[in-house]
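These notes are about the structure you will find just below.
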Number of protein chains: 2
Amino acid sequence: MSTREKKKAAGIPDGVIGRLPVYYRYLTELTENDIQRISSAQLGEALGITAAQIRSDFSYFGSFGQQGYGYKVDQLLEQIKAILGLNRAYHMVLLGAGNLGRAVASYGNFRNRGFDIRAIFDSNPLLEGNYLAGCIIQPVSRLEHYLSTNKVDIGVLATPREVSQEMCDRLVAQGVKGIWNFSPLRLQAPEDVVIEHMHLTESLLRLSFRLTNPQAAASE
Amino acid sequence: MSTREKKKAAGIPDGVIGRLPVYYRYLTELTENDIQRISSAQLGEALGITAAQIRSDFSYFGSFGQQGYGYKVDQLLEQIKAILGLNRAYHMVLLGAGNLGRAVASYGNFRNRGFDIRAIFDSNPLLEGNYLAGCIIQPVSRLEHYLSTNKVDIGVLATPREVSQEMCDRLVAQGVKGIWNFSPLRLQAPEDVVIEHMHLTESLLRLSFRLTNPQAAASE
DNA sequence: TAGATTGTTAATCGATTAACAATC
DNA sequence: TAGATTGTTAATCGATTAACAATC
């Protein structure tokens, strides 16, 4: 077993997973500015990460550079896109067309990267039939029918806290493996379901903590 | 120097800061259900955290329990509220009244905890004068005047990426020490400014990674 | 070739966990 | 008092950093 296989077998650390999107965004910027070559030292300088950590992060997935040269930006970007799973499209459904749901549905930054919200459900009959981001808002009772006739990759939960767990269960029961959760609640789901939390309140409380305890800072 | 002082002097680990809001929410739930007493073992069971870690986390800030008894829920909650800085009000301004800004302004979950958005700015003249969450939308040119006559604690950035750094600079120049950043950009600011990022795209990319690399899971 | 920079190993650092004396 | 559980110390684990042989 190679070092890489050993590292990977133990699971990719959360820190690494968190930095991959950061690399992705910066490399995208570099290609937009026609920069073709970068070293781990330059990358680290730009992102506030040590060069050793960057090389260590990449080494979980392969060898993408050349000694004495560094990395070809476009090649490295392609590798990271592949690692992040960005070479395919994701079929998404949105549950909850309230303020937050509408914002997510209208958010352009991931739409054009293959993350397509293709159906929207809300329990409010007043919203039924309205258009939102190119989708007709459907009653939640139609959820199972939709999921059984469409292979959905990701369910976006922008529902009130009280119903989020039930909605999560219904998504999972129909085979949805990814949940993007905006409701202020830790969801329970089987191990093979991936849940990513976007907790506005927790984020704001961290900010509040850091404002209240300046000495605790260090972060970033 | 006590152990606690030594620990704290080295800075509070991000992991601890991240768990504090989790404790806060769960303890709030317990008080709502009139549960008055809890041990670190029970707390850990409920939150998927080891009891030792919970006690270690608390010990950064003091001794809140009693041997042989555990913790009084209401006392512990009060302590954590104080640690998180929730015994005061925060004067907030929102920059950007687009989809995301509107969602944040309308989001109730932190409004009633002393986080008050008291002014909203947008560069779009069509939005000027409209009401949003009880505030009149003002032109961005009024920002400095507002900040110079109001002590603002937190600026919420829901602006397009292109202008976010400039808006951040203008907030910081007028003494705003906390930035809640929703725009897909790492902001530059002096050390004493606390920046908390809410990066939708990064979150979605982490989800995409975990869906693509199931073996990497382990998380949560 | 000489210079530069990778990928990887070893060393360090820091966070988590286990153990237990203190004590309610 | 006996039982339970804390707060803290020591042990473990894992992630980050430094160093360097490999090599483009």
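Letters for chains follow the order of the structure tokens (A, B, ...), residue numbers begin at 1 for each chain, and ligand numbers begin at 1 in the order shown.
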Return as a list in words the residues belonging to chain A that are within 8 Å of chain C, counting only C-alpha atoms (C1' of nucleotides).
Thr3, Ser39, Arg55, Ser59, Ser63, Gly65, Gln66, Gln67, Gly68, Tyr69 and Gly70 of chain A
Expected file contents, prior selection, N, CA, C and O atoms, as an mmCIF file, in the first residue's frame:
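Result file is out.cif:
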data_model
loop_
_atom_site.group_PDB
_atom_site.id
_atom_site.type_symbol
_atom_site.label_atom_id
_atom_site.label_comp_id
_atom_site.auth_asym_id
_atom_site.auth_seq_id
_atom_site.Cartn_x
_atom_site.Cartn_y
_atom_site.Cartn_z
ATOM 1 N N THR A 3 1.927 5.255 0.340
ATOM 2 C CA THR A 3 1.642 6.264 1.362
ATOM 3 C C THR A 3 0.297 6.918 1.085
ATOM 4 O O THR A 3 -0.510 7.129 1.977
ATOM 5 N N SER A 39 3.484 27.650 -8.123
ATOM 6 C CA SER A 39 4.149 26.726 -7.202
ATOM 7 C C SER A 39 3.344 26.655 -5.909
ATOM 8 O O SER A 39 2.514 27.523 -5.625
ATOM 9 N N ARG A 55 0.902 20.878 -0.496
ATOM 10 C CA ARG A 55 1.426 19.668 -1.149
ATOM 11 C C ARG A 55 0.882 18.420 -0.457
ATOM 12 O O ARG A 55 0.534 17.427 -1.096
ATOM 13 N N SER A 59 -1.514 15.456 -2.051
ATOM 14 C CA SER A 59 -0.974 14.101 -2.077
ATOM 15 C C SER A 59 -1.992 13.049 -1.646
ATOM 16 O O SER A 59 -1.770 11.862 -1.856
ATOM 17 N N SER A 63 -0.392 12.922 -7.684
ATOM 18 C CA SER A 63 0.768 13.792 -7.913
ATOM 19 C C SER A 63 0.466 14.656 -9.121
ATOM 20 O O SER A 63 0.445 14.165 -10.246
ATOM 21 N N GLY A 65 1.980 17.792 -9.802
ATOM 22 C CA GLY A 65 2.989 18.796 -10.158
ATOM 23 C C GLY A 65 4.222 18.184 -10.802
ATOM 24 O O GLY A 65 4.295 16.982 -11.043
ATOM 25 N N GLN A 66 5.176 19.058 -11.082
ATOM 26 C CA GLN A 66 6.454 18.615 -11.623
ATOM 27 C C GLN A 66 7.557 19.249 -10.787
ATOM 28 O O GLN A 66 7.536 20.467 -10.552
ATOM 29 N N GLN A 67 8.523 18.416 -10.393
ATOM 30 C CA GLN A 67 9.632 18.969 -9.615
ATOM 31 C C GLN A 67 10.332 20.069 -10.389
ATOM 32 O O GLN A 67 10.495 19.967 -11.603
ATOM 33 N N GLY A 68 10.714 21.091 -9.698
ATOM 34 C CA GLY A 68 11.458 22.168 -10.327
ATOM 35 C C GLY A 68 10.611 23.131 -11.123
ATOM 36 O O GLY A 68 11.085 24.183 -11.550
ATOM 37 N N TYR A 69 9.334 22.786 -11.307
ATOM 38 C CA TYR A 69 8.458 23.615 -12.142
ATOM 39 C C TYR A 69 7.267 24.143 -11.346
ATOM 40 O O TYR A 69 6.954 25.318 -11.349
ATOM 41 N N GLY A 70 6.612 23.241 -10.634
ATOM 42 C CA GLY A 70 5.398 23.614 -9.924
ATOM 43 C C GLY A 70 4.201 22.947 -10.563
ATOM 44 O O GLY A 70 4.289 21.783 -10.984
#
Check: which chain B residues lie within 7 Å of chain A using only C-alpha atoms, as number ranges by chain:
B: 11-12, 17-18, 21, 83-85, 99-100, 103, 106, 109-110, 178, 194, 196, 201-203, 205-212, 215-218
Run DSSP on the backbone and grab whatever in stretch 50-133 of chain A lands in alpha helix (DSSP H); send it over as number ranges by chain.
A: 51-59, 73-84, 99-106, 108-111
Please return as a ChimeraX atom specification: the residues of stretch 32-186 of chain B that backbone DSSP assigns to strand (DSSP E).
/B:37-38,71-72,90-95,115-122,131-132,135-139,154-157,178-181
Pick the closest to B:Asn150 from B:Ser123, B:Met167, B:Ala189, B:His91: which is it, counting only C-alpha atoms?
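Looking only at the distances to B:Asn150, the closest residue turns out to be B:His91.
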